[in-house]
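Asker: So that we are looking at the same thing, I have put the structure below in structure tokens.
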Amino acid sequence: MKFSKQTARLQTLCDNPRMDEIPDRPRSRRLASLRPALKFLRPYLPQVTLASLALVLTAGVTLSIGQGMRLVIDQGLTAGSAAILEQTVGLFALLMVVLTVGTFVRFYYVSWIGERVSADIRLAVFDHIIRLHPGFFEENAPTEIQSRITTDTTLLQTVIGSSVSIALRNLLMFIGGIVLLFVTDAKLSLVVVASVPFVVAPVILFGRRVRDLSRSSQDTLADVGSYVGEALRHIKVVQSFNHEPVDQSIFSGRVERAFAVAARRITSRALLIALVMLIVMSAIATMLWIGGRDVLSGSLTPGELAAFIFYAFMVAGSVGAISEVYADLQRAAGATERLMELLAARSLLAEPATPALLSPTGRGQLSFEDVAFVYPGRPDQRVLADIRFTIEPGEMVALVGPSGAGKSTLFDLVQRFHDPIEGAVRLDGVDLRTLRLADVRARIGYVPQESSLFSGTIRDNLVYGRLDASPAQLREALELAGAQTFVAELPHGLDTRIGEGGVGLSGGQKQRLAIARALLKKPELLLLDEATSALDAESEEHIRATVDELKGRCTILVIAHRLSTVRQADRILVLQAGRLVASGTHASLVEENELYARFSRIQFGREPVTEGDHAVA
Ligand SMILES: Nc1ncnc2c1ncn2[C@@H]1O[C@H](COP(=O)(O)OP(=O)(O)OP(=O)(O)O)[C@@H](O)[C@H]1O
Ligand SMILES: [Mg+2]
């Protein structure tokens, strides 16, 4: 097959998505890991108490049914007394009412607690991670975190909202059942006790295998999900490269693998169930045989035998139920551990206990003092080194340099998405590390390199950083960004809905909205990361005029690939391989700096130098 070689290569590539590289600690099987989840139960003590009471009550009533049966058979049927029969049946009916009410209360509160606790954990985890340092999401893939918040909390919900209650109820029934067995007939009880190990052994043996298989089938299923997600997100690329057959083959490989694992799990499970049935039925046959002989010889009443068999079934059933949910509990222990890991993650960007305050009259002076930076993932590569500069309030500075020089990284440091490993970044003379993060970011308007709009209306996107913006302020920001015309022409104007990532808008439209969003914040420091790369000459000219207008009013740092922007700047900083290699105006640098002159020739070479002309770089 034509594709076979690539398919194989792609398969190995795709089998190791970033997600799998995350060192996932061996998932715990210790139920002790569930303990942190208990903390989330504390606010709901009344509900927990009610549920527990109902649980004990219903277990007690269920156990008493056996005694009721004994009475009905021995005193009503065997003794032939209609009065006693009616009495006992009446009692029976009363117990049923208690059981019904108890079951309702138990089921309602246990499920309620499960839902509430998993909702609380979900909220706690989200509240926590949304504030973590951005680098955290490079080491831990967002898809993995997303699945923890959804799948793991859902698992906890089922476990808290049912498995725990099933386990407790059956534990009570098991203990009560055993006690009542011995009370009813000690000799027969030994048959039951003797058969317990035969039931438990295969459960433990096969149970582990079933569990391992079910875990790996869940992992393969997650694999299937992430593959679909990625392919659909990039559907145009998939189809443009005629990649469908490759995707089909990779996808079918994954689906089949998931199926094969599931089939093995089913085999183990079916075997387990059949084996347990066989053992339980054999034990009951033995009991009937021994017990039946005792009834015949008169040492046991028929009612006692019936009650006994009832309890034996109950004990066997509770062992089965516990072994069934035990696996759930273990999975929940793993899920809790992963969620608690997320809750335990600390932001590397510590907020100072007593934050410094920026002067309200500060105008956005920015300085880098011998700053060096490495990404934690690549400790050997100094992405920035010895960076020293100061940008005065109201100054417009262009940052130029080849791709990969570290320009966007420098912007990250300005906003304190990372801390430098050496030196300091200062806003109005204050080290960013001594300020509240929110204070730093409140002063900055940022237009990222890649479009970053959210699903919602255009208005939602604009007021993103300033929820209380007035219609006049919105209009002004749109106008400054040169976006008012196209927004007005959209079917619902500001209320037009756009999709995730700005689906439904052109590249240039997205860029202008991102600029308007940043300007609406009325920032003291405006950071534009190639904000005009997707704009046509006219829109670009508009932004250029806006920047001219803003000059002097706020500090502007712009990453530029175009001569027009560079020429407009008060000063140019040239970054190369993480170092500042030159600084000055375009004219002076072309004259004096050979490196810049060469860079300028390559970068802007064919652009006309006359003011007002803007050719494509
Ligand atoms: N998250 C990251 N982890 C590790 N290395 C990174 C990360 N992001 C960027 N880098 C590396 O840091 C260097 C600088 O990247 P940066 O994005 O700052 O470049 P840039 O100057 O903005 O380039 P461009 O003009 O192409 O946008 C590059 O070598 C890049 O590979
Ligand atoms: Mg960049």
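FYI, nothing fancy with the structure tokens labels: chains A, B, ... in order, residues from 1 per chain, ligands from 1 as they appear.
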Skip Glu500 (chain A) itself and residues of its chain fewer than 5 positions away, then list as JSON, numbers by chain all residues within 10 Å of it, counting only C-alpha atoms.

Answerer: {"A": [452, 453, 454, 455, 456]}

Asker: Enumerate, in order of chain and increasing residue number, the residues of chain A with an atom no farther than 10 Å from ligand 1, each with its shortest atom pair and distance in Å to one decimal, counting only C-alpha atoms and all ligand atoms, as CSV.

Answerer:
residue,atom,partner,partner_atom_place_in_ligand_line,distance
A:Pro134,CA,ligand 1,1 (N),9.2
A:Gly135,CA,ligand 1,1 (N),7.1
A:Phe137,CA,ligand 1,1 (N),9.3
A:Glu138,CA,ligand 1,1 (N),6.3
A:Glu139,CA,ligand 1,1 (N),9.0
A:Phe373,CA,ligand 1,12 (O),9.6
A:Val374,CA,ligand 1,5 (N),7.8
A:Tyr375,CA,ligand 1,4 (C),4.9
A:Pro376,CA,ligand 1,3 (N),7.1
A:Gly377,CA,ligand 1,4 (C),5.6
A:Arg378,CA,ligand 1,4 (C),5.7
A:Pro379,CA,ligand 1,4 (C),8.7
A:Gln381,CA,ligand 1,12 (O),8.1
A:Arg382,CA,ligand 1,12 (O),8.3
A:Val383,CA,ligand 1,12 (O),5.2
A:Leu384,CA,ligand 1,14 (C),8.0
A:Leu399,CA,ligand 1,21 (O),9.2
A:Val400,CA,ligand 1,21 (O),8.2
A:Gly401,CA,ligand 1,21 (O),6.6
A:Pro402,CA,ligand 1,25 (O),5.9
A:Ser403,CA,ligand 1,25 (O),3.5
A:Gly404,CA,ligand 1,19 (O),3.5
A:Ala405,CA,ligand 1,21 (O),3.9
A:Gly406,CA,ligand 1,18 (O),3.1
A:Lys407,CA,ligand 1,21 (O),3.7
A:Ser408,CA,ligand 1,22 (O),3.7
A:Thr409,CA,ligand 1,18 (O),3.7
A:Leu410,CA,ligand 1,18 (O),6.5
A:Phe411,CA,ligand 1,18 (O),8.0
A:Asp412,CA,ligand 1,18 (O),8.4
A:Gln449,CA,ligand 1,27 (O),7.1
A:Glu450,CA,ligand 1,27 (O),9.4
A:Asp529,CA,ligand 1,22 (O),8.0
A:Glu530,CA,ligand 1,27 (O),8.2
A:Ile559,CA,ligand 1,25 (O),8.2
A:Ala560,CA,ligand 1,25 (O),8.8
A:His561,CA,ligand 1,25 (O),8.2
A:Leu575,CA,ligand 1,21 (O),7.9
A:Gln576,CA,ligand 1,21 (O),8.3
A:Ala577,CA,ligand 1,14 (C),7.9
A:Gly578,CA,ligand 1,14 (C),7.4

Asker: Keeping only C-alpha atoms, write the selected residues to a file as a PDB file, in the first residue's frame.

Answerer:
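Result written to selection_16.pdb:
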ATOM      1  CA  PRO A 134       1.367  29.284  32.248  1.00  0.00           C
ATOM      2  CA  GLY A 135       4.435  27.035  32.158  1.00  0.00           C
ATOM      3  CA  PHE A 137       0.379  23.786  31.029  1.00  0.00           C
ATOM      4  CA  GLU A 138       3.440  23.105  28.942  1.00  0.00           C
ATOM      5  CA  GLU A 139       4.552  20.358  31.308  1.00  0.00           C
ATOM      6  CA  PHE A 373      15.731  33.298  30.841  1.00  0.00           C
ATOM      7  CA  VAL A 374      15.544  29.598  30.006  1.00  0.00           C
ATOM      8  CA  TYR A 375      12.413  27.531  29.482  1.00  0.00           C
ATOM      9  CA  PRO A 376      12.207  24.844  32.174  1.00  0.00           C
ATOM     10  CA  GLY A 377      11.768  22.226  29.450  1.00  0.00           C
ATOM     11  CA  ARG A 378      15.082  23.208  27.811  1.00  0.00           C
ATOM     12  CA  PRO A 379      17.401  24.223  30.618  1.00  0.00           C
ATOM     13  CA  GLN A 381      19.120  26.930  25.920  1.00  0.00           C
ATOM     14  CA  ARG A 382      19.322  30.544  27.101  1.00  0.00           C
ATOM     15  CA  VAL A 383      16.376  31.979  25.227  1.00  0.00           C
ATOM     16  CA  LEU A 384      17.222  35.430  26.608  1.00  0.00           C
ATOM     17  CA  LEU A 399      11.499  44.954  18.747  1.00  0.00           C
ATOM     18  CA  VAL A 400      12.942  43.304  15.671  1.00  0.00           C
ATOM     19  CA  GLY A 401      14.892  40.151  15.104  1.00  0.00           C
ATOM     20  CA  PRO A 402      14.817  36.853  13.281  1.00  0.00           C
ATOM     21  CA  SER A 403      12.252  34.184  14.020  1.00  0.00           C
ATOM     22  CA  GLY A 404      13.058  32.343  17.225  1.00  0.00           C
ATOM     23  CA  ALA A 405      15.169  35.240  18.578  1.00  0.00           C
ATOM     24  CA  GLY A 406      13.082  35.388  21.745  1.00  0.00           C
ATOM     25  CA  LYS A 407      10.760  38.329  21.038  1.00  0.00           C
ATOM     26  CA  SER A 408       7.521  36.706  22.157  1.00  0.00           C
ATOM     27  CA  THR A 409       9.337  35.272  25.169  1.00  0.00           C
ATOM     28  CA  LEU A 410      10.403  38.780  26.146  1.00  0.00           C
ATOM     29  CA  PHE A 411       6.737  39.821  26.023  1.00  0.00           C
ATOM     30  CA  ASP A 412       5.927  36.910  28.322  1.00  0.00           C
ATOM     31  CA  GLN A 449       0.893  36.759  17.977  1.00  0.00           C
ATOM     32  CA  GLU A 450      -1.745  34.127  17.412  1.00  0.00           C
ATOM     33  CA  ASP A 529       3.131  40.983  18.927  1.00  0.00           C
ATOM     34  CA  GLU A 530       3.093  41.321  15.133  1.00  0.00           C
ATOM     35  CA  ILE A 559       7.263  43.298  17.688  1.00  0.00           C
ATOM     36  CA  ALA A 560       7.538  44.273  14.063  1.00  0.00           C
ATOM     37  CA  HIS A 561       8.353  42.593  10.811  1.00  0.00           C
ATOM     38  CA  LEU A 575      17.239  40.939  19.280  1.00  0.00           C
ATOM     39  CA  GLN A 576      19.288  38.097  17.931  1.00  0.00           C
ATOM     40  CA  ALA A 577      19.543  34.652  19.449  1.00  0.00           C
ATOM     41  CA  GLY A 578      18.306  35.963  22.767  1.00  0.00           C
TER      42      GLY A 578
END

Asker: If you count only C-alpha atoms, which residues fall within 10 Å of Ile145 (chain A), apart from same-chain ones fewer than 6 positions away, as a PyMOL selection string?

Answerer: chain A and resi 19+125-126+129+137+151-152+338-339+342

Asker: Go through region 350-569 of chain A and collect every residue that DSSP, computed from the backbone, puts in strand (DSSP E); the answer should be as number ranges by chain.

Answerer: A: 366-374, 382-391, 396-400, 422-427, 430-431, 444-447, 456-457, 497-498, 525-529, 555-559

Asker: Grab the residues selected above and save them as an mmCIF file, in the first residue's frame with C-alpha atoms.

Answerer:
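For reference, selection-v1.cif as written:
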data_model
loop_
_atom_site.group_PDB
_atom_site.id
_atom_site.type_symbol
_atom_site.label_atom_id
_atom_site.label_comp_id
_atom_site.auth_asym_id
_atom_site.auth_seq_id
_atom_site.Cartn_x
_atom_site.Cartn_y
_atom_site.Cartn_z
ATOM 1 C CA LEU A 366 9.452 49.388 31.464
ATOM 2 C CA SER A 367 12.972 48.231 32.191
ATOM 3 C CA PHE A 368 14.883 44.998 31.888
ATOM 4 C CA GLU A 369 17.953 44.683 34.121
ATOM 5 C CA ASP A 370 20.423 42.070 32.899
ATOM 6 C CA VAL A 371 17.631 39.612 32.374
ATOM 7 C CA ALA A 372 18.312 35.990 31.440
ATOM 8 C CA PHE A 373 15.731 33.298 30.841
ATOM 9 C CA VAL A 374 15.544 29.598 30.006
ATOM 10 C CA ARG A 382 19.322 30.544 27.101
ATOM 11 C CA VAL A 383 16.376 31.979 25.227
ATOM 12 C CA LEU A 384 17.222 35.430 26.608
ATOM 13 C CA ALA A 385 20.560 36.594 28.031
ATOM 14 C CA ASP A 386 21.962 39.883 29.350
ATOM 15 C CA ILE A 387 18.920 41.867 28.292
ATOM 16 C CA ARG A 388 19.182 45.441 29.551
ATOM 17 C CA PHE A 389 17.048 48.342 28.360
ATOM 18 C CA THR A 390 14.623 50.958 29.602
ATOM 19 C CA ILE A 391 11.584 52.229 27.756
ATOM 20 C CA MET A 396 7.270 53.684 21.169
ATOM 21 C CA VAL A 397 9.841 50.961 20.726
ATOM 22 C CA ALA A 398 9.995 48.334 17.998
ATOM 23 C CA LEU A 399 11.499 44.954 18.747
ATOM 24 C CA VAL A 400 12.942 43.304 15.671
ATOM 25 C CA GLU A 422 18.691 36.256 36.374
ATOM 26 C CA GLY A 423 18.070 39.972 36.632
ATOM 27 C CA ALA A 424 14.779 41.764 37.042
ATOM 28 C CA VAL A 425 11.926 43.171 35.001
ATOM 29 C CA ARG A 426 10.585 46.458 36.376
ATOM 30 C CA LEU A 427 7.404 48.378 35.750
ATOM 31 C CA VAL A 430 9.196 48.265 40.686
ATOM 32 C CA ASP A 431 10.312 44.634 40.343
ATOM 33 C CA ILE A 444 -0.872 46.076 30.163
ATOM 34 C CA GLY A 445 -2.764 45.741 26.899
ATOM 35 C CA TYR A 446 -1.582 42.693 25.017
ATOM 36 C CA VAL A 447 -2.230 41.657 21.437
ATOM 37 C CA GLY A 456 -19.310 34.112 22.196
ATOM 38 C CA THR A 457 -20.383 37.435 20.749
ATOM 39 C CA ARG A 497 -21.639 35.192 17.621
ATOM 40 C CA ILE A 498 -18.252 33.797 16.696
ATOM 41 C CA LEU A 525 1.821 49.705 28.366
ATOM 42 C CA LEU A 526 0.702 48.349 25.017
ATOM 43 C CA LEU A 527 2.321 45.138 23.761
ATOM 44 C CA LEU A 528 1.730 44.305 20.116
ATOM 45 C CA ASP A 529 3.131 40.983 18.927
ATOM 46 C CA THR A 555 4.181 53.201 26.281
ATOM 47 C CA ILE A 556 4.181 50.996 23.207
ATOM 48 C CA LEU A 557 6.376 47.985 22.616
ATOM 49 C CA VAL A 558 5.772 46.384 19.280
ATOM 50 C CA ILE A 559 7.263 43.298 17.688
#

Asker: Where does DSSP see helix (DSSP H, G or I) in region 361-567 of chain A, if you list the residues as a short mmCIF file (atom, residue, chain, number, x, y, z; two decimals) with N, CA and C atoms, in the first residue's frame?

Answerer:
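Listed below is the output, states-v4.cif:
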data_model
loop_
_atom_site.label_atom_id
_atom_site.label_comp_id
_atom_site.auth_asym_id
_atom_site.auth_seq_id
_atom_site.Cartn_x
_atom_site.Cartn_y
_atom_site.Cartn_z
N LYS A 407 11.59 37.12 20.92
CA LYS A 407 10.76 38.33 21.04
C LYS A 407 9.48 38.06 21.83
N SER A 408 8.77 37.01 21.43
CA SER A 408 7.52 36.71 22.16
C SER A 408 7.83 36.33 23.60
N THR A 409 8.94 35.65 23.82
CA THR A 409 9.34 35.27 25.17
C THR A 409 9.56 36.52 26.02
N LEU A 410 10.18 37.52 25.43
CA LEU A 410 10.40 38.78 26.15
C LEU A 410 9.06 39.40 26.57
N PHE A 411 8.08 39.33 25.68
CA PHE A 411 6.74 39.82 26.02
C PHE A 411 6.16 39.05 27.20
N ASP A 412 6.41 37.74 27.21
CA ASP A 412 5.93 36.91 28.32
C ASP A 412 6.51 37.39 29.65
N LEU A 413 7.78 37.75 29.62
CA LEU A 413 8.42 38.20 30.86
C LEU A 413 7.85 39.54 31.30
N VAL A 414 7.52 40.40 30.34
CA VAL A 414 6.93 41.70 30.70
C VAL A 414 5.62 41.49 31.47
N LEU A 432 8.68 43.30 39.13
CA LEU A 432 7.38 42.65 38.94
C LEU A 432 7.09 41.63 40.04
N ARG A 433 8.16 41.00 40.54
CA ARG A 433 7.96 39.94 41.53
C ARG A 433 7.44 40.47 42.86
N THR A 434 7.54 41.79 43.07
CA THR A 434 7.05 42.34 44.34
C THR A 434 5.64 42.90 44.18
N LEU A 437 0.11 40.07 40.78
CA LEU A 437 0.03 39.75 39.35
C LEU A 437 -1.07 40.56 38.67
N ALA A 438 -2.21 40.65 39.36
CA ALA A 438 -3.35 41.34 38.75
C ALA A 438 -3.04 42.82 38.53
N ASP A 439 -2.22 43.42 39.43
CA ASP A 439 -1.86 44.83 39.27
C ASP A 439 -0.99 45.03 38.04
N VAL A 440 -0.03 44.09 37.85
CA VAL A 440 0.85 44.19 36.69
C VAL A 440 0.01 44.13 35.42
N ARG A 441 -0.87 43.12 35.37
CA ARG A 441 -1.57 42.86 34.12
C ARG A 441 -2.67 43.88 33.85
N ALA A 442 -3.15 44.53 34.92
CA ALA A 442 -4.17 45.54 34.72
C ALA A 442 -3.61 46.71 33.92
N ILE A 458 -19.14 39.16 19.60
CA ILE A 458 -18.04 40.10 19.40
C ILE A 458 -17.92 40.97 20.66
N ARG A 459 -19.08 41.36 21.21
CA ARG A 459 -19.07 42.22 22.39
C ARG A 459 -18.39 41.50 23.56
N ASP A 460 -18.76 40.23 23.78
CA ASP A 460 -18.12 39.46 24.86
C ASP A 460 -16.60 39.51 24.72
N ASN A 461 -16.15 39.37 23.49
CA ASN A 461 -14.71 39.35 23.26
C ASN A 461 -14.07 40.71 23.51
N LEU A 462 -14.79 41.76 23.18
CA LEU A 462 -14.21 43.09 23.35
C LEU A 462 -14.09 43.48 24.82
N VAL A 463 -15.15 43.21 25.59
CA VAL A 463 -15.15 43.66 26.98
C VAL A 463 -14.40 42.67 27.88
N TYR A 464 -13.66 41.77 27.26
CA TYR A 464 -12.98 40.69 27.97
C TYR A 464 -12.16 41.21 29.16
N GLY A 465 -11.46 42.31 28.97
CA GLY A 465 -10.61 42.82 30.04
C GLY A 465 -11.24 44.00 30.77
N PRO A 471 -20.91 51.82 25.92
CA PRO A 471 -21.02 51.72 24.46
C PRO A 471 -20.09 52.71 23.76
N ALA A 472 -19.93 53.90 24.34
CA ALA A 472 -19.06 54.90 23.72
C ALA A 472 -17.61 54.43 23.73
N GLN A 473 -17.20 53.81 24.85
CA GLN A 473 -15.83 53.30 24.93
C GLN A 473 -15.62 52.16 23.93
N LEU A 474 -16.65 51.32 23.80
CA LEU A 474 -16.56 50.23 22.83
C LEU A 474 -16.37 50.78 21.43
N ARG A 475 -17.19 51.80 21.11
CA ARG A 475 -17.12 52.40 19.78
C ARG A 475 -15.73 52.98 19.53
N GLU A 476 -15.21 53.65 20.54
CA GLU A 476 -13.90 54.29 20.39
C GLU A 476 -12.82 53.24 20.12
N ALA A 477 -12.86 52.14 20.91
CA ALA A 477 -11.84 51.10 20.74
C ALA A 477 -11.93 50.48 19.36
N LEU A 478 -13.17 50.22 18.92
CA LEU A 478 -13.35 49.62 17.58
C LEU A 478 -12.82 50.56 16.51
N GLU A 479 -13.10 51.85 16.70
CA GLU A 479 -12.66 52.84 15.73
C GLU A 479 -11.14 52.89 15.65
N LEU A 480 -10.52 52.95 16.83
CA LEU A 480 -9.06 53.01 16.89
C LEU A 480 -8.45 51.79 16.20
N GLN A 484 -14.58 49.17 13.22
CA GLN A 484 -15.99 49.53 13.34
C GLN A 484 -16.76 49.20 12.07
N THR A 485 -16.15 49.39 10.89
CA THR A 485 -16.88 49.17 9.64
C THR A 485 -17.28 47.71 9.49
N PHE A 486 -16.32 46.83 9.63
CA PHE A 486 -16.68 45.43 9.38
C PHE A 486 -17.61 44.89 10.46
N VAL A 487 -17.45 45.35 11.70
CA VAL A 487 -18.36 44.89 12.76
C VAL A 487 -19.78 45.37 12.45
N ALA A 488 -19.90 46.61 12.00
CA ALA A 488 -21.23 47.14 11.69
C ALA A 488 -21.87 46.36 10.55
N GLU A 489 -21.03 45.83 9.65
CA GLU A 489 -21.59 45.11 8.51
C GLU A 489 -21.95 43.66 8.83
N GLY A 493 -24.09 42.83 14.11
CA GLY A 493 -23.18 43.83 14.68
C GLY A 493 -22.39 43.26 15.84
N LEU A 494 -22.37 43.99 16.95
CA LEU A 494 -21.60 43.59 18.12
C LEU A 494 -22.10 42.28 18.72
N ASP A 495 -23.37 41.96 18.43
CA ASP A 495 -23.94 40.76 19.02
C ASP A 495 -23.79 39.53 18.13
N GLU A 500 -15.19 29.22 18.60
CA GLU A 500 -13.95 29.09 19.33
C GLU A 500 -12.78 29.52 18.44
N GLY A 501 -11.89 30.36 18.96
CA GLY A 501 -10.74 30.80 18.18
C GLY A 501 -11.13 31.82 17.13
N GLY A 502 -12.36 32.34 17.19
CA GLY A 502 -12.76 33.38 16.25
C GLY A 502 -13.25 32.85 14.93
N GLY A 507 -8.70 36.43 9.12
CA GLY A 507 -7.50 36.62 9.94
C GLY A 507 -7.32 38.07 10.35
N GLY A 508 -7.49 38.99 9.39
CA GLY A 508 -7.30 40.41 9.68
C GLY A 508 -8.37 40.95 10.61
N GLN A 509 -9.59 40.44 10.46
CA GLN A 509 -10.68 40.88 11.35
C GLN A 509 -10.40 40.45 12.78
N LYS A 510 -9.94 39.22 12.93
CA LYS A 510 -9.61 38.73 14.27
C LYS A 510 -8.54 39.61 14.89
N GLN A 511 -7.56 39.95 14.07
CA GLN A 511 -6.45 40.74 14.59
C GLN A 511 -6.92 42.12 15.06
N ARG A 512 -7.83 42.72 14.27
CA ARG A 512 -8.31 44.05 14.66
C ARG A 512 -9.16 43.99 15.93
N LEU A 513 -9.93 42.90 16.07
CA LEU A 513 -10.71 42.76 17.31
C LEU A 513 -9.78 42.59 18.51
N ALA A 514 -8.70 41.84 18.29
CA ALA A 514 -7.75 41.63 19.39
C ALA A 514 -7.11 42.97 19.78
N ILE A 515 -6.87 43.83 18.78
CA ILE A 515 -6.30 45.15 19.08
C ILE A 515 -7.33 45.99 19.84
N ALA A 516 -8.57 45.95 19.38
CA ALA A 516 -9.62 46.73 20.06
C ALA A 516 -9.78 46.26 21.50
N ARG A 517 -9.72 44.94 21.70
CA ARG A 517 -9.86 44.38 23.05
C ARG A 517 -8.76 44.93 23.97
N ALA A 518 -7.55 45.01 23.42
CA ALA A 518 -6.43 45.50 24.24
C ALA A 518 -6.57 47.00 24.49
N LEU A 519 -7.01 47.76 23.48
CA LEU A 519 -7.11 49.21 23.63
C LEU A 519 -8.22 49.60 24.61
N LEU A 520 -9.28 48.78 24.64
CA LEU A 520 -10.40 49.07 25.53
C LEU A 520 -9.95 49.10 26.98
N ALA A 537 -3.04 46.61 3.38
CA ALA A 537 -2.30 47.87 3.49
C ALA A 537 -3.14 48.96 4.14
N GLU A 538 -4.44 48.99 3.81
CA GLU A 538 -5.27 50.07 4.32
C GLU A 538 -5.49 49.94 5.83
N SER A 539 -5.85 48.73 6.27
CA SER A 539 -6.05 48.52 7.70
C SER A 539 -4.75 48.77 8.45
N GLU A 540 -3.66 48.34 7.85
CA GLU A 540 -2.38 48.52 8.52
C GLU A 540 -2.09 50.00 8.69
N GLU A 541 -2.39 50.76 7.65
CA GLU A 541 -2.18 52.21 7.71
C GLU A 541 -3.03 52.81 8.83
N HIS A 542 -4.24 52.26 8.97
CA HIS A 542 -5.14 52.73 10.02
C HIS A 542 -4.51 52.50 11.41
N ILE A 543 -4.00 51.28 11.61
CA ILE A 543 -3.39 50.95 12.90
C ILE A 543 -2.17 51.84 13.13
N ARG A 544 -1.44 52.09 12.03
CA ARG A 544 -0.25 52.92 12.14
C ARG A 544 -0.64 54.32 12.64
N ALA A 545 -1.74 54.84 12.09
CA ALA A 545 -2.21 56.16 12.52
C ALA A 545 -2.63 56.12 13.98
N THR A 546 -3.30 55.02 14.37
CA THR A 546 -3.72 54.88 15.76
C THR A 546 -2.52 54.86 16.69
N VAL A 547 -1.52 54.09 16.30
CA VAL A 547 -0.31 54.01 17.12
C VAL A 547 0.32 55.39 17.24
N ASP A 548 0.32 56.14 16.12
CA ASP A 548 0.84 57.51 16.15
C ASP A 548 0.10 58.36 17.17
N GLU A 549 -1.24 58.14 17.18
CA GLU A 549 -2.07 58.91 18.08
C GLU A 549 -1.80 58.53 19.54
N LEU A 550 -1.53 57.22 19.76
CA LEU A 550 -1.31 56.74 21.13
C LEU A 550 0.07 57.11 21.64
N LEU A 563 8.75 47.37 7.73
CA LEU A 563 9.53 48.60 7.75
C LEU A 563 8.69 49.77 8.24
N SER A 564 7.41 49.81 7.81
CA SER A 564 6.58 50.97 8.16
C SER A 564 6.50 51.13 9.68
N THR A 565 6.33 50.01 10.40
CA THR A 565 6.24 50.08 11.85
C THR A 565 7.59 50.48 12.44
N VAL A 566 8.64 49.87 11.89
CA VAL A 566 9.97 50.10 12.41
C VAL A 566 10.34 51.58 12.27
N ARG A 567 9.98 52.15 11.12
CA ARG A 567 10.33 53.55 10.86
C ARG A 567 9.56 54.50 11.78
#

Asker: Separation of CA of Gly225 (chain A) and CA of Gln248 (chain A), in Å?

Answerer: 13.9 Å
